[in-house]
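> Coordinates in structure21.cif, mmCIF, C-alpha atoms, are listed below.
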```
data_start
loop_
_atom_site.label_atom_id
_atom_site.label_comp_id
_atom_site.auth_asym_id
_atom_site.auth_seq_id
_atom_site.Cartn_x
_atom_site.Cartn_y
_atom_site.Cartn_z
CA ALA M 753 -20.73 -27.07 -11.13
CA ILE M 754 -19.55 -27.99 -7.63
CA ARG M 755 -22.64 -30.12 -6.99
CA LEU M 756 -21.89 -32.09 -10.13
CA LYS M 757 -18.14 -32.28 -9.64
CA PRO M 758 -17.22 -31.77 -5.98
CA ASP M 759 -13.59 -32.54 -6.76
CA HIS M 760 -13.35 -29.88 -9.47
CA ALA M 761 -10.63 -27.51 -8.23
CA GLU M 762 -11.36 -24.78 -10.78
CA ALA M 763 -15.02 -24.63 -9.74
CA HIS M 764 -14.03 -24.17 -6.10
CA SER M 765 -11.58 -21.45 -7.11
CA CYS M 766 -14.14 -19.55 -9.20
CA LEU M 767 -16.72 -19.80 -6.42
CA GLY M 768 -14.19 -18.53 -3.89
CA ILE M 769 -13.35 -15.54 -6.06
CA ALA M 770 -17.04 -14.72 -6.46
CA LEU M 771 -17.69 -15.04 -2.73
CA ALA M 772 -14.72 -12.77 -1.95
CA ALA M 773 -16.05 -10.16 -4.38
CA ASP M 774 -19.33 -10.34 -2.45
CA GLN M 775 -17.41 -9.80 0.83
CA ARG M 776 -18.34 -13.28 2.09
CA MET M 777 -14.80 -13.94 3.19
CA ASP M 778 -15.26 -16.96 5.44
CA GLU M 779 -17.07 -18.84 2.69
CA ALA M 780 -14.52 -17.63 0.14
CA ILE M 781 -11.65 -18.92 2.23
CA ALA M 782 -13.33 -22.31 2.60
CA SER M 783 -13.82 -22.63 -1.16
CA LEU M 784 -10.33 -21.43 -2.02
CA HIS M 785 -8.80 -23.68 0.61
CA GLU M 786 -10.56 -26.62 -1.03
CA ALA M 787 -9.31 -25.46 -4.43
CA VAL M 788 -5.67 -25.50 -3.33
CA ARG M 789 -6.18 -28.81 -1.52
CA LEU M 790 -7.35 -30.35 -4.78
CA ARG M 791 -4.78 -28.52 -6.90
CA PRO M 792 -1.84 -27.51 -4.69
CA ASP M 793 0.07 -26.39 -7.81
CA ASN M 794 -2.52 -23.69 -8.65
CA ALA M 795 -0.48 -20.56 -7.93
CA ASP M 796 -3.32 -18.11 -8.62
CA ALA M 797 -5.68 -19.90 -6.23
CA HIS M 798 -3.06 -19.46 -3.48
CA VAL M 799 -2.99 -15.73 -4.27
CA TYR M 800 -6.76 -15.41 -4.01
CA LEU M 801 -6.72 -17.40 -0.78
CA GLY M 802 -4.04 -15.11 0.61
CA ALA M 803 -5.98 -12.00 -0.38
CA ALA M 804 -9.13 -13.28 1.33
CA ARG M 805 -7.17 -14.13 4.47
CA ALA M 806 -5.53 -10.71 4.51
CA ALA M 807 -8.94 -9.03 4.14
CA ILE M 808 -10.09 -10.46 7.49
CA GLY M 809 -6.81 -9.87 9.27
CA GLN M 810 -5.33 -13.37 9.05
CA LEU M 811 -1.97 -11.86 8.17
CA ASN M 812 0.35 -14.76 8.93
CA GLU M 813 -1.91 -17.18 7.08
CA ALA M 814 -2.10 -14.75 4.16
CA ALA M 815 1.69 -14.48 4.06
CA ALA M 816 1.93 -18.28 3.96
CA SER M 817 -0.42 -18.38 0.95
CA PHE M 818 1.57 -15.75 -0.92
CA ARG M 819 4.81 -17.54 -0.13
CA GLU M 820 3.35 -20.73 -1.57
CA THR M 821 2.49 -18.86 -4.76
CA LEU M 822 6.07 -17.62 -5.01
CA HIS M 823 7.36 -21.13 -4.41
CA LEU M 824 5.35 -22.20 -7.45
CA LYS M 825 5.93 -19.02 -9.50
CA PRO M 826 8.89 -16.95 -8.22
CA GLN M 827 8.15 -14.13 -10.70
CA HIS M 828 4.49 -13.73 -9.72
CA ALA M 829 4.33 -9.91 -9.40
CA ASP M 830 0.98 -9.77 -7.63
CA ALA M 831 2.16 -12.24 -4.99
CA HIS M 832 5.25 -10.12 -4.33
CA VAL M 833 3.10 -6.99 -3.96
CA TYR M 834 0.52 -8.63 -1.70
CA LEU M 835 3.17 -10.28 0.42
CA GLY M 836 4.95 -6.94 0.74
CA ASN M 837 1.72 -5.33 1.92
CA VAL M 838 1.12 -8.03 4.52
CA LEU M 839 4.71 -7.80 5.75
CA VAL M 840 4.28 -4.05 6.21
CA ASP M 841 1.18 -4.70 8.31
CA LEU M 842 3.23 -7.19 10.34
CA GLY M 843 5.97 -4.59 10.85
CA LYS M 844 8.50 -6.54 8.76
CA PHE M 845 9.55 -3.57 6.65
CA ASP M 846 12.94 -4.84 5.55
CA GLU M 847 11.51 -8.03 4.09
CA ALA M 848 8.64 -6.07 2.56
CA THR M 849 11.08 -3.91 0.58
CA GLU M 850 12.63 -7.04 -0.92
CA HIS M 851 9.28 -8.15 -2.34
CA TYR M 852 8.33 -4.69 -3.57
CA ARG M 853 11.66 -4.53 -5.40
CA ARG M 854 11.01 -7.91 -7.01
CA ALA M 855 7.64 -6.68 -8.21
CA LEU M 856 9.19 -3.46 -9.53
CA GLU M 857 11.47 -5.51 -11.76
CA GLN M 858 8.32 -6.31 -13.74
CA ARG M 859 6.38 -3.10 -13.06
CA PRO M 860 8.99 -0.31 -13.00
CA ASN M 861 6.43 2.43 -13.70
CA ASP M 862 3.80 1.35 -11.15
CA SER M 863 3.20 4.49 -9.06
CA GLU M 864 1.32 2.72 -6.28
CA LEU M 865 4.08 0.15 -5.94
CA LEU M 866 6.75 2.87 -5.88
CA ASN M 867 4.76 4.67 -3.19
CA ASN M 868 4.46 1.47 -1.11
CA LEU M 869 8.18 0.85 -1.35
CA GLY M 870 8.81 4.45 -0.32
CA ASN M 871 6.62 3.94 2.76
CA ALA M 872 8.49 0.81 3.80
CA LEU M 873 11.82 2.56 3.32
CA SER M 874 10.59 5.51 5.40
CA GLU M 875 9.71 3.13 8.22
CA LEU M 876 13.30 1.88 8.07
CA GLY M 877 14.63 5.44 8.30
CA LYS M 878 16.01 5.32 4.75
CA LEU M 879 14.62 8.72 3.89
CA ASP M 880 16.78 9.56 0.88
CA GLU M 881 15.85 6.33 -0.84
CA ALA M 882 12.20 6.71 0.16
CA ILE M 883 12.13 10.22 -1.30
CA ALA M 884 13.61 8.95 -4.55
CA HIS M 885 10.81 6.39 -4.87
CA TYR M 886 8.07 8.90 -4.08
CA GLU M 887 9.55 11.21 -6.72
CA ARG M 888 9.54 8.35 -9.23
CA ALA M 889 5.90 7.63 -8.41
CA LEU M 890 5.06 11.26 -9.10
CA GLU M 891 6.99 11.26 -12.37
CA HIS M 892 4.53 8.68 -13.65
CA LYS M 893 1.48 10.14 -11.87
CA PRO M 894 1.97 13.84 -10.99
CA THR M 895 -1.46 14.15 -9.31
CA TYR M 896 -0.94 11.17 -6.98
CA VAL M 897 -1.94 12.80 -3.70
CA SER M 898 -0.89 9.90 -1.48
CA ALA M 899 2.66 9.99 -2.86
CA LEU M 900 2.77 13.79 -2.52
CA HIS M 901 1.60 13.51 1.08
CA ASN M 902 4.20 10.86 1.91
CA LEU M 903 6.89 12.82 0.11
CA GLY M 904 6.11 15.90 2.15
CA ILE M 905 6.32 13.95 5.41
CA ALA M 906 9.63 12.42 4.33
CA TYR M 907 11.04 15.87 3.60
CA LEU M 908 9.85 17.09 7.01
CA ASN M 909 11.52 14.14 8.70
CA ALA M 910 14.67 14.81 6.66
CA GLY M 911 14.80 18.39 7.95
CA LYS M 912 13.83 20.00 4.64
CA PRO M 913 10.77 22.13 5.47
CA GLU M 914 11.02 24.27 2.33
CA THR M 915 10.62 21.26 0.06
CA ALA M 916 7.92 19.82 2.31
CA GLU M 917 6.05 23.11 1.97
CA ALA M 918 6.09 22.79 -1.81
CA CYS M 919 4.61 19.27 -1.56
CA CYS M 920 1.82 20.48 0.71
CA ARG M 921 0.95 23.35 -1.59
CA ARG M 922 0.78 20.94 -4.55
CA ILE M 923 -1.68 18.79 -2.61
CA LEU M 924 -3.82 21.80 -1.70
CA LYS M 925 -4.05 22.82 -5.35
CA LEU M 926 -5.47 19.37 -6.07
CA GLN M 927 -7.54 19.04 -2.89
CA PRO M 928 -8.07 22.44 -1.19
CA ASP M 929 -9.78 20.86 1.84
CA HIS M 930 -7.02 18.31 2.57
CA ALA M 931 -6.75 18.92 6.34
CA GLN M 932 -3.63 16.80 6.83
CA ALA M 933 -1.81 18.74 4.10
CA MET M 934 -2.76 21.99 5.85
CA THR M 935 -1.40 20.67 9.12
CA ASN M 936 1.82 19.54 7.47
CA LEU M 937 2.10 22.89 5.74
CA ARG M 938 1.80 24.60 9.11
CA THR M 939 4.60 22.38 10.43
CA ALA M 940 6.74 23.17 7.39
CA LEU M 941 6.18 26.89 7.79
CA ALA M 942 6.97 26.73 11.49
CA GLY M 943 10.19 24.94 10.62
CA GLN M 944 11.11 27.94 8.50
CA LYS M 945 10.18 30.39 11.31
CA HIS M 946 7.18 31.64 9.33
CA THR M 947 5.10 31.84 12.51
CA GLU M 948 2.21 33.99 11.29
CA GLN M 949 1.64 31.84 8.22
CA ALA M 950 1.85 28.72 10.36
CA ILE M 951 -0.83 30.03 12.72
CA ALA M 952 -3.08 30.89 9.77
CA GLN M 953 -2.73 27.36 8.39
CA TYR M 954 -3.37 25.91 11.83
CA GLN M 955 -6.62 27.86 12.09
CA GLN M 956 -7.68 26.88 8.58
CA SER M 957 -7.11 23.17 9.20
CA LEU M 958 -9.15 23.39 12.41
CA SER M 959 -11.98 25.17 10.61
CA LEU M 960 -12.18 22.29 8.12
CA LYS M 961 -11.89 19.55 10.74
CA PRO M 962 -12.44 20.88 14.29
CA ASP M 963 -11.85 17.51 15.96
CA TYR M 964 -8.52 16.92 14.17
CA ALA M 965 -6.22 16.41 17.17
CA GLN M 966 -2.96 16.62 15.18
CA ALA M 967 -3.83 19.99 13.66
#
```
Could you express the structure from this file as structure tokens?

Amino acid sequence: AIRLKPDHAEAHSCLGIALAADQRMDEAIASLHEAVRLRPDNADAHVYLGAARAAIGQLNEAAASFRETLHLKPQHADAHVYLGNVLVDLGKFDEATEHYRRALEQRPNDSELLNNLGNALSELGKLDEAIAHYERALEHKPTYVSALHNLGIAYLNAGKPETAEACCRRILKLQPDHAQAMTNLRTALAGQKHTEQAIAQYQQSLSLKPDYAQA
């Protein structure tokens, strides 16, 4: 299609998407860049270009692509999510929360999005709000281990080892060999002065992952 119509923006976009799926990111970026050059009003092509750029660590360029999408389509949920993710990687947590919130307006029950917002809020030290979002994520997906893990850490950081312990035990019911959960459980138990149990958990986490330095 591109050989027949080199100025066909949609063909360049489709080729770029296919190349990205095949992990040929440099070629994908070239095709998608041509697509948006030919059709600068193609919001989805800007998203795909941003995603390809983010995949190879071109974070500022990726952010620019997502911002262009939002200039064209301010309610584009995917662009808000992807931009939020890139901003987190850039350490711009406050701005990231703004975009996650915009996406949540359209996807209020999205557990992964709620978890991501919780992480950004945790980085900002807003632990109560982060905990609330992790809890919401788990309301919609009770077996979401990542949210349980992050919730447990937030409770530890908030000085609530008893609740953190409960989170760790929930993870270990789902994944008995989750070494990080064992380590966090040990920390939670130590915070409650349960020294013998903490030592037992410490030894168990080391037996599963002997080179785990944080255990």
> Pick the closest to His785 of chain M from M:Ala804, M:Ala770, M:Ala933, M:Leu903: which is it, counting all atoms listed in the file?
M:Ala804
> Please provide as a PyMOL selection string all residues within 12 Å of Leu801 of chain M, with the sequence filter that same-chain residues fewer than 4 positions apart are discarded (counting only C-alpha atoms).
chain M and resi 764-769+771-772+777-789+792+794-797+805-808+810-811+813-821+831+834
> Keeping C-alpha atoms for every residue in the selection just given, could you write it to a file as a PDB file, keeping the file's coordinate frame?

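Listing of selection-v8.pdb after writing:
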```
ATOM      1  CA  HIS M 764     -14.030 -24.170  -6.100  1.00  0.00           C
ATOM      2  CA  SER M 765     -11.580 -21.450  -7.110  1.00  0.00           C
ATOM      3  CA  CYS M 766     -14.140 -19.550  -9.200  1.00  0.00           C
ATOM      4  CA  LEU M 767     -16.720 -19.800  -6.420  1.00  0.00           C
ATOM      5  CA  GLY M 768     -14.190 -18.530  -3.890  1.00  0.00           C
ATOM      6  CA  ILE M 769     -13.350 -15.540  -6.060  1.00  0.00           C
ATOM      7  CA  LEU M 771     -17.690 -15.040  -2.730  1.00  0.00           C
ATOM      8  CA  ALA M 772     -14.720 -12.770  -1.950  1.00  0.00           C
ATOM      9  CA  MET M 777     -14.800 -13.940   3.190  1.00  0.00           C
ATOM     10  CA  ASP M 778     -15.260 -16.960   5.440  1.00  0.00           C
ATOM     11  CA  GLU M 779     -17.070 -18.840   2.690  1.00  0.00           C
ATOM     12  CA  ALA M 780     -14.520 -17.630   0.140  1.00  0.00           C
ATOM     13  CA  ILE M 781     -11.650 -18.920   2.230  1.00  0.00           C
ATOM     14  CA  ALA M 782     -13.330 -22.310   2.600  1.00  0.00           C
ATOM     15  CA  SER M 783     -13.820 -22.630  -1.160  1.00  0.00           C
ATOM     16  CA  LEU M 784     -10.330 -21.430  -2.020  1.00  0.00           C
ATOM     17  CA  HIS M 785      -8.800 -23.680   0.610  1.00  0.00           C
ATOM     18  CA  GLU M 786     -10.560 -26.620  -1.030  1.00  0.00           C
ATOM     19  CA  ALA M 787      -9.310 -25.460  -4.430  1.00  0.00           C
ATOM     20  CA  VAL M 788      -5.670 -25.500  -3.330  1.00  0.00           C
ATOM     21  CA  ARG M 789      -6.180 -28.810  -1.520  1.00  0.00           C
ATOM     22  CA  PRO M 792      -1.840 -27.510  -4.690  1.00  0.00           C
ATOM     23  CA  ASN M 794      -2.520 -23.690  -8.650  1.00  0.00           C
ATOM     24  CA  ALA M 795      -0.480 -20.560  -7.930  1.00  0.00           C
ATOM     25  CA  ASP M 796      -3.320 -18.110  -8.620  1.00  0.00           C
ATOM     26  CA  ALA M 797      -5.680 -19.900  -6.230  1.00  0.00           C
ATOM     27  CA  ARG M 805      -7.170 -14.130   4.470  1.00  0.00           C
ATOM     28  CA  ALA M 806      -5.530 -10.710   4.510  1.00  0.00           C
ATOM     29  CA  ALA M 807      -8.940  -9.030   4.140  1.00  0.00           C
ATOM     30  CA  ILE M 808     -10.090 -10.460   7.490  1.00  0.00           C
ATOM     31  CA  GLN M 810      -5.330 -13.370   9.050  1.00  0.00           C
ATOM     32  CA  LEU M 811      -1.970 -11.860   8.170  1.00  0.00           C
ATOM     33  CA  GLU M 813      -1.910 -17.180   7.080  1.00  0.00           C
ATOM     34  CA  ALA M 814      -2.100 -14.750   4.160  1.00  0.00           C
ATOM     35  CA  ALA M 815       1.690 -14.480   4.060  1.00  0.00           C
ATOM     36  CA  ALA M 816       1.930 -18.280   3.960  1.00  0.00           C
ATOM     37  CA  SER M 817      -0.420 -18.380   0.950  1.00  0.00           C
ATOM     38  CA  PHE M 818       1.570 -15.750  -0.920  1.00  0.00           C
ATOM     39  CA  ARG M 819       4.810 -17.540  -0.130  1.00  0.00           C
ATOM     40  CA  GLU M 820       3.350 -20.730  -1.570  1.00  0.00           C
ATOM     41  CA  THR M 821       2.490 -18.860  -4.760  1.00  0.00           C
ATOM     42  CA  ALA M 831       2.160 -12.240  -4.990  1.00  0.00           C
ATOM     43  CA  TYR M 834       0.520  -8.630  -1.700  1.00  0.00           C
TER      44      TYR M 834
END
```
> So what does the PyMOL selection byres ((chain M and resi 836) around 9) actually pick up in this one, as a list in words?
Ala815, Ala831, His832, Val833, Tyr834, Leu835, Asn837, Val838, Leu839, Val840, Asp841, Lys844, Phe845, Glu847, Ala848, Thr849, Glu850, His851, Tyr852, Asn868 and Leu869 of chain M
> Name the residues that the PyMOL selection byres ((chain M and resi 917) around 9) pulls out of this structure, and write them as a PyMOL selection string.
chain M and resi 904+907-908+912-916+918-922+936-941
> With a distance cut-off of 9 Å and only C-alpha atoms, select the neighbouring residues of segment 883-900 of chain M, excluding the residue or stretch itself and same-chain residues fewer than 5 positions from it, and output the selection as a JSON list (two decimals) with C-alpha atoms, keeping the file's coordinate frame.

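Just written: result_23.json:
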```
[["chain", "number", "residue", "atom", "x", "y", "z"],
["M", 861, "ASN", "CA", 6.43, 2.43, -13.70],
["M", 862, "ASP", "CA", 3.80, 1.35, -11.15],
["M", 863, "SER", "CA", 3.20, 4.49, -9.06],
["M", 864, "GLU", "CA", 1.32, 2.72, -6.28],
["M", 865, "LEU", "CA", 4.08, 0.15, -5.94],
["M", 866, "LEU", "CA", 6.75, 2.87, -5.88],
["M", 867, "ASN", "CA", 4.76, 4.67, -3.19],
["M", 868, "ASN", "CA", 4.46, 1.47, -1.11],
["M", 869, "LEU", "CA", 8.18, 0.85, -1.35],
["M", 870, "GLY", "CA", 8.81, 4.45, -0.32],
["M", 871, "ASN", "CA", 6.62, 3.94, 2.76],
["M", 873, "LEU", "CA", 11.82, 2.56, 3.32],
["M", 874, "SER", "CA", 10.59, 5.51, 5.40],
["M", 878, "LYS", "CA", 16.01, 5.32, 4.75],
["M", 905, "ILE", "CA", 6.32, 13.95, 5.41],
["M", 906, "ALA", "CA", 9.63, 12.42, 4.33],
["M", 907, "TYR", "CA", 11.04, 15.87, 3.60],
["M", 919, "CYS", "CA", 4.61, 19.27, -1.56],
["M", 920, "CYS", "CA", 1.82, 20.48, 0.71],
["M", 922, "ARG", "CA", 0.78, 20.94, -4.55],
["M", 923, "ILE", "CA", -1.68, 18.79, -2.61],
["M", 926, "LEU", "CA", -5.47, 19.37, -6.07],
["M", 927, "GLN", "CA", -7.54, 19.04, -2.89]]
```
> Using Å and a single decimal, report how far atom CA of Asp830 of chain M sits from atom CA of Ala773 of chain M.
17.3 Å
> Pick from M:Gln775, M:Thr935, M:Asn909, M:Asn812: nearest to Leu842 of chain M, with only C-alpha atoms counted?
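With only C-alpha atoms as the atom set, the closest residue is M:Asn812.
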> Can you tell me how far atom CA of Glu762 of chain M sits from atom CA of Arg791 of chain M, in Å to one decimal?
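Going from atom CA of Glu762 of chain M over to atom CA of Arg791 of chain M, I get 8.5 Å.
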> Using Å and a single decimal, report how far atom CA of Glu881 of chain M sits from atom CA of Gln944 of chain M.
24.0 Å
> Measuring between all atoms listed in the file, which one of M:Leu790, M:His930, M:Ala803, M:His828 shows the shortest distance to Arg859 of chain M?
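Closest to Arg859 of chain M, using all atoms listed in the file: M:His828.
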